[in-house]
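Novice: Below you will find the structure I want to go over with you.
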Amino acid sequence: MGRYLLRRLLIAVPSLIGISIVLFTVLALAPGDPFGELATNPAVPPEVRAALRAQFGMDDPVLERYFHWLVAMLRGDWGFSFVSRVDVDRLIWQRLPATLFVIGSSQILALLIALPVGVYAATRPYSLFDQIANTFAFIGFSLPTFFTGLLFILLFSIDLGWLPFVYRSDLSATGFSWWWEEFRQAIMPVAVLGMFQGASWTRYVRSAVLDVIRLDYVVTARAKGLREGKVVLKHVVRNALIPVVTLVALQMPTIFGGAIVTEQIFRVPGIGSLLISSILANDTPVIMAVTFVFACLVILFNLIADVLYGWLDPRIAYR
Amino acid sequence: MAGSTPALLTADARAAREGLAPQISPALDAWRRFRRHRLAVVSAVILLAMTLAVAFGPALWPVEINDIDFTARLQPPTPAHPLGTDDLGQDLLARMLYGGRISLAVGLAAMVVSLIVGTLVGAVAGISRGSIDAALMWLTDLFLSLPQLPLLLVIIYLFRDVLKAVVGPEGGVFILVVAVIGGFRWMPVARLVRAQFLSLREKEFVEAARALGASTTRQVMRHILPNALGPVIVAGTINVADAIIAESTLSFLGLGFPPDIPTWGRLLFDAKDYLDIAPHWALFAGAAIFLAVLTINFVGDGLRDVLDPRRVM
């Protein structure tokens, strides 16, 4: 397992470099000077501008500029936010926990929906339950997150008045009521994102389980007299999860996209809403850093998927 | 796979029941299979109606999309304004019909871009072995792991002004949005086409063509590509839905088309601050996006039954 992980880590390096090249190319191809904005901005003193230009090595040859940029990015040396007047890395570390919390809990919610529904539907293919689940799955992933978010706000915040529609990071309550408020304000963003993901995963789980459920080894397990629940959980689901993990890992970029939208709707103070606000404010260093962080997160989650493979199917780890 | 559950209860059972059926053409057979997917047929009808409405609607409902009327602000649906009005008293039906044109056009154009790029990459990778194949697949995997929405936003942020200056505000943003959305959707198509090519190029009929001296181009264009197109069409259909969502997301974040072009996502963006007093505004725009995406997904599912009966996803 250790060697397998090391190999996976080494494979992640070229993709990180590839992503950084794409990012850098976009930045380098962009017309005009990304810092030209500063020349006309009286709030930014000339020495800061000169320091930034030097830091990003705007006048060096392309290859040298790329390496300077990459080293600066990897060291967490992301520059200075024009708008918030703080270092970009501080800004991002402040915002990252909220994003990870919302994404993490919504993924757990999605799994809690997709696994039981998908497995149950696959054990009774073409039954009424299967058809209803399938229709709901279609509706679920055809509803864009921004529309579901607005519908939730309309229903639960405006009509019923049950839930707050602005996510606050500075709750004044303490102790138990802090946890309660935190929980209440997280319900809608997590539910919006989790239901969207859960809907598409339900279909993955169903088709993956269908692929293995009539295989001979499952029949053998039943013939040995194992209880049905044990057959499904230990024999079927574990093997069915392997393709599901692949598809989930492939969906990671989409999940981050959904998270950006959700954060924007509910004003969650995460890096997604930071990205939008800095794009609207032309805050280039923050924009590039957030995009880079998103890229790193995608690679991180792909690594986690690799670890899961090794656990689900030990043969992969020893190959 | 011994005794595996059939993915779909499709033609086989019915064909067996009908016994010695008279010979039917492939098109009729396809239609019969599509017809069995009731939701897909209903969706196709709704989708056709929506397309016709946005194509000919503006001619039949000749209200200007930017007719400002402050006496009729934020009105719920009335006979004069069947879908109500927005905060400037503009008629929402006219705006929805106009915006639908843009939304659907972006979806279709981005699908075409993704199909062309994906088929090209997949075909080249599938027909050439060795390092070219490996390099192209590495590129595909790289694009699959890019954070798409952040990059989409960054590219539009960086390049919007230039294109606007070259081709005008509406056309510039249209080209940019289509190119970027299409440019991030070709990877599944490339993988599908490559997988099809890998199996098809070893088939006997391609071998026969090769033995007869057909050039690689002829083998690809005449024998392999037409047989690989089924799953590609299905993937293309799903891509239309994805592209519509992507465009609406951009507009919803305020970073898509300029404010005076009321795409469905833009309408939602404008409506979200008036949710409490004028919910109809957001509901109609959102419902239009939802309905378009849902029906396209169902039609894609029906087409999968017809063209690619092995896969269930």
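By convention in this document, the chains of the structure tokens carry letters A, B, ... by their order, each chain's residues are numbered from 1, and ligands are numbered from 1 in the order they are shown.
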Select residues of chain B: the criterion is any atom within 9 Å of an atom of chain A, counting only C-alpha atoms; output as a ChimeraX atom specification.

Specialist: /B:1-7,9,138-139,141-151,153-155,157-159,161-162,241,245,248-249,252-255,268,272,275-276,279,282-283,286-287,289-295,297-298,311-313

Novice: Would you please give, as an MDAnalysis selection string, all residues of region 102-299 of chain B that DSSP assigns to helix (DSSP H, G or I) based on the backbone?

Specialist: chainID B and resid 102:127 131:144 148:167 169:183 186:200 204:211 216:252 264:274 279:299

Novice: A:Ala191, A:Ala133, A:Pro45, A:Val62: which is nearest Val119 (chain A), counting only C-alpha atoms?

Specialist: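 Of A:Ala191, A:Ala133, A:Pro45, A:Val62, the one nearest Val119 (chain A) is A:Ala133, counting only C-alpha atoms.
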
Novice: Find the residues around region 217-232 of chain B up to 12 Å (only C-alpha atoms counted), leave out those fewer than 5 positions away in its own chain, and share them as a ChimeraX atom specification.

Specialist: /B:30,111-112,114-120,122-124,126-128,186-212,237-239,300-301,303-312

Novice: Applying 10 Å and only C-alpha atoms, which residues near Pro82 (chain B) remain after dropping the ones on its own chain fewer than 2 positions away? List them as a list in words.

Specialist: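 Returned residues: Pro76, Pro77, Thr78, Pro79, Ala80, Gly84, Thr85, Asp91, Leu92, Leu93 and Ala94 of chain B.
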
Novice: Set the distance at 12 Å and use only C-alpha atoms: which residues neighbour Trp311 (chain A) once local chain neighbours fewer than 3 positions away are removed? I'd like the list as an MDAnalysis selection string.

Specialist: chainID A and resid 1 4:5 238:239 241:242 245 304:308 314:318
